[in-house]
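*Asks:* My questions all concern the structure below.
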Amino acid sequence: MSARITSARHGWLPALGVVLASLVAMAVVAAVGLWAAGAADLPKSAFLPVLLATVVAAVGGTVELSGDAGDLARTNAGLTVVPLSVTLVGTLVGAAGFLRPLRHRAVAGARELAGWAARIAVLWLLALVGLALGARHVFAVDVGDGTLGDLSDLLDAGPTVGFTTDVPLTVVFGLLWLAGILVLALLVSPGAPLPGRLLRFQTSVRPAAFAMVVYVLASVALALVAALVAMVTRGHAEQTLAVILLGLPNLAWPALTLGLGATWQGRVDGPFGLPVPHVLAEVLRTPDVSTLDLRTVTAHDGRWWWLAVAAAVLLLAAAFLMAARSPARVRAWRHALHLAVALALTMLTLCLAGRVSAHYGLSLLGIGDLGGNLSGELLLEPRLWPAVGLGALWGLIAGFLGALAAGPVRRRGEVAAPEP
């Protein structure tokens with residue numbers, strides 16, 4: 001009877017429910033975000049492919065831009081960006097669905113967990129293929145009515161730009177994304193069962209993993225509050241809503257790394273809009289690649305030192321939370337080591353996820369880039385390994401301080417002294 005109940009909980013129908021719930025949640029968030037960003041003005045046949053491409057990008061898939069301007073012209077385009085708001089929603093819904101049949105249990109066999117994950121992965125694979133095949137479209141580029149437009153008509157070189165997906169890469173990265181979600185869900189949830197052989201690792205891994213998830217989610221929550229305040233006080237409600245639903249973590253997580261001392265490099269050129277605070281746009285819109293760190297940001301507006309304060313306060317709170325959720329027997333230096341590793345991995349993940357690269361250009365008769373509204377570049381890249389090193393250093397310090405602060409708190413593994 002017990003085996004039959006377990007099979008029902010981990011069967012194909014529940015797995016389909018997990019996949020559909022995650023996809024529907026991402027699609028709804030992406031659709032409303034795209035509508036707020038103005039995608040409702042696209043031709044009716046274009047909205048659905050754009051929506052599918054957004055979901056593909058959110059799960060790590062590869063969206064490729066392409067251009068065509070006839071035999072006597074050429075275009076070049078590229079895009080690397082992850083709509084992290086959509087990613088975050090899909091992660092939370094997928095993780096909750098994966099953990100739901102496993103709740104109220106202390107131990108689960110490795111074969112049981114692998115079978116449950118495999119069913120989800122098979123259905124997710126089919127969904128990825130469908131998304132990748134549907135995420136493709138071609139748009140005509142309006143070159144205006146001037147000389148450039150006349151040349152375009154004369155040479156039959158009307159420029160177009162489109163997008164498609166690399167199906168094999170989308171499948172590979174999408175499955176890796178899913179695997180990361182499932183592993184992270186098991187690491188973070190205190191109530192998720194583990195195979196017996198792995199139980200000894202939960203003391204060192206789970207409190208640190210849980211603290212880091214709370215840390216990054218708290219930064220998004222603070223960014224959400226700031227965005228809502230800006231929406232009320234400054235207007236631009238639709239633009240702000242688009243940022244919230246498509247790319248709020250794209251702003252919150254790089255800002256979190258900046259607060260810890262990380263350095264990014266970037267440049268904005270051409271017609272690309274940049275839905276970021278004005279001071280960041282000023283730093284990035286320069287002829288050459290700019291350095292983005294606390295020093296350059298505060299040089300434009302000294303109030304941005306709050307990033308360092310917010311990052312430090314959130315980190316100390318996360319360190320306290322980690323220590324409070326750990327058994328009392330864990331020493332302070334071990335807390336410091338656990339948080340150093342966890343924060344270094346978190347910084348690595350945030351930096352890789354926050355990278356942005358986009359460019360588009362057109363030339364006719366081999367005469368360079370025509371510039372103006374037909375070319376542009378947007379670049380934002382982290383200095384990766386220094387950021388990871390800073391994360392480890394901050395983790396050591398905060399982990400030790402958090403352990404000291406949590407000392408008076410009663411934790412797991414303690415027994416209350418008998419009353420006299």
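Following the order of the structure tokens, first chain is A, next is B, and so on, with residues numbered from 1 inside each chain and ligands from 1 in the order they appear.
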Excluding Ala108 of chain A and any residue of its chain fewer than 2 positions from it, enumerate the residues within 6 Å of it, using only C-alpha atoms, and give them as JSON, numbers by chain.
*Replies:* {"A": [193, 194, 195]}
*Asks:* Keeping C-alpha atoms, export the residues of the selection given above as a PDB file, in the first residue's frame.
*Replies:*
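As written to disk, result.pdb reads:
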ATOM      1  CA  PRO A 193      14.351  14.110   2.770  1.00  0.00           C
ATOM      2  CA  LEU A 194      17.829  12.990   1.771  1.00  0.00           C
ATOM      3  CA  PRO A 195      19.319   9.559   1.137  1.00  0.00           C
TER       4      PRO A 195
END
*Asks:* What's the 10 Å shell around segment 382-385 of chain A, counting only C-alpha atoms, without same-chain residues fewer than 5 positions away, as a PyMOL selection string?
*Replies:* chain A and resi 254+257-258+262-266+291-292+344+347-352+354-356+390-391
*Asks:* What's around segment 116-127 of chain A at 8 Å? Count only C-alpha atoms, leave out sequence neighbours fewer than 4 positions away in its own chain, and write the answer as a list in words.
*Replies:* His10, Gly11, Trp12, Ala15, Leu16, Val18, Val19, Phe98, Glu112, Leu131, Val171, Gly174, Leu175, Leu178 and Leu182 of chain A
*Asks:* Identify all residues of segment 102-338 of chain A in alpha helix (DSSP H) (DSSP on the backbone) and supply them as a count of residues only.
*Replies:* 151
*Asks:* From the set A:Val229, A:Gly97, A:Gly180, A:Thr240, which residue has the shortest atom-to-atom contact distance to Gly33 of chain A, counting only C-alpha atoms?
*Replies:* A:Thr240
*Asks:* Have a look at A:Ser219, A:Ser357, A:Thr80, A:Thr233 and name the one nearest to Pro249 of chain A; count only C-alpha atoms.
*Replies:*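 Checking each candidate against Pro249 of chain A, we get A:Ser219 as the closest.
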*Asks:* Write out as a list in words the residues lying within 7 Å of Gly60 of chain A, counting only C-alpha atoms and excluding same-chain residues fewer than 4 positions away.
*Replies:*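 After dropping sequence-adjacent residues, the list is Val56, Thr170, Phe173, Gly174 and Trp177 of chain A.
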*Asks:* Just want the 7 Å neighbourhood of Val63 of chain A, counted on only C-alpha atoms, with same-chain residues fewer than 4 positions away dropped. Output as a list of chain:residue names.
*Replies:* A:Ala53, A:Ala57, A:Phe163, A:Thr164, A:Thr165, A:Asp166
*Asks:* DSSP says strand (DSSP E or B) for which residues of segment 28-252 of chain A? Put them as a ChimeraX atom specification?
*Replies:* /A:63-68,73-80,107,137-140,160-165,194
*Asks:* Hey, what's within 10 Å of Ala332 of chain A if we count only C-alpha atoms and toss same-chain stuff fewer than 5 positions away? As a PyMOL selection string, please?
*Replies:* chain A and resi 323+337-338+396+399-404+406-407
*Asks:* Considering only C-alpha atoms, state which residue in the set A:Ala318, A:Ala211, A:Ala192, A:Val409 is at the smallest distance from His104 of chain A.
*Replies:*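 Counting only C-alpha atoms, the residue closest to His104 of chain A is A:Ala192.
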*Asks:* My list of candidates is A:Glu381, A:Pro207, A:Phe139, A:Ala317. Which is closest to Val330 of chain A when distances are computed with only C-alpha atoms?
*Replies:*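 Going through A:Glu381, A:Pro207, A:Phe139, A:Ala317 one by one, the smallest distance to Val330 of chain A is for A:Pro207.
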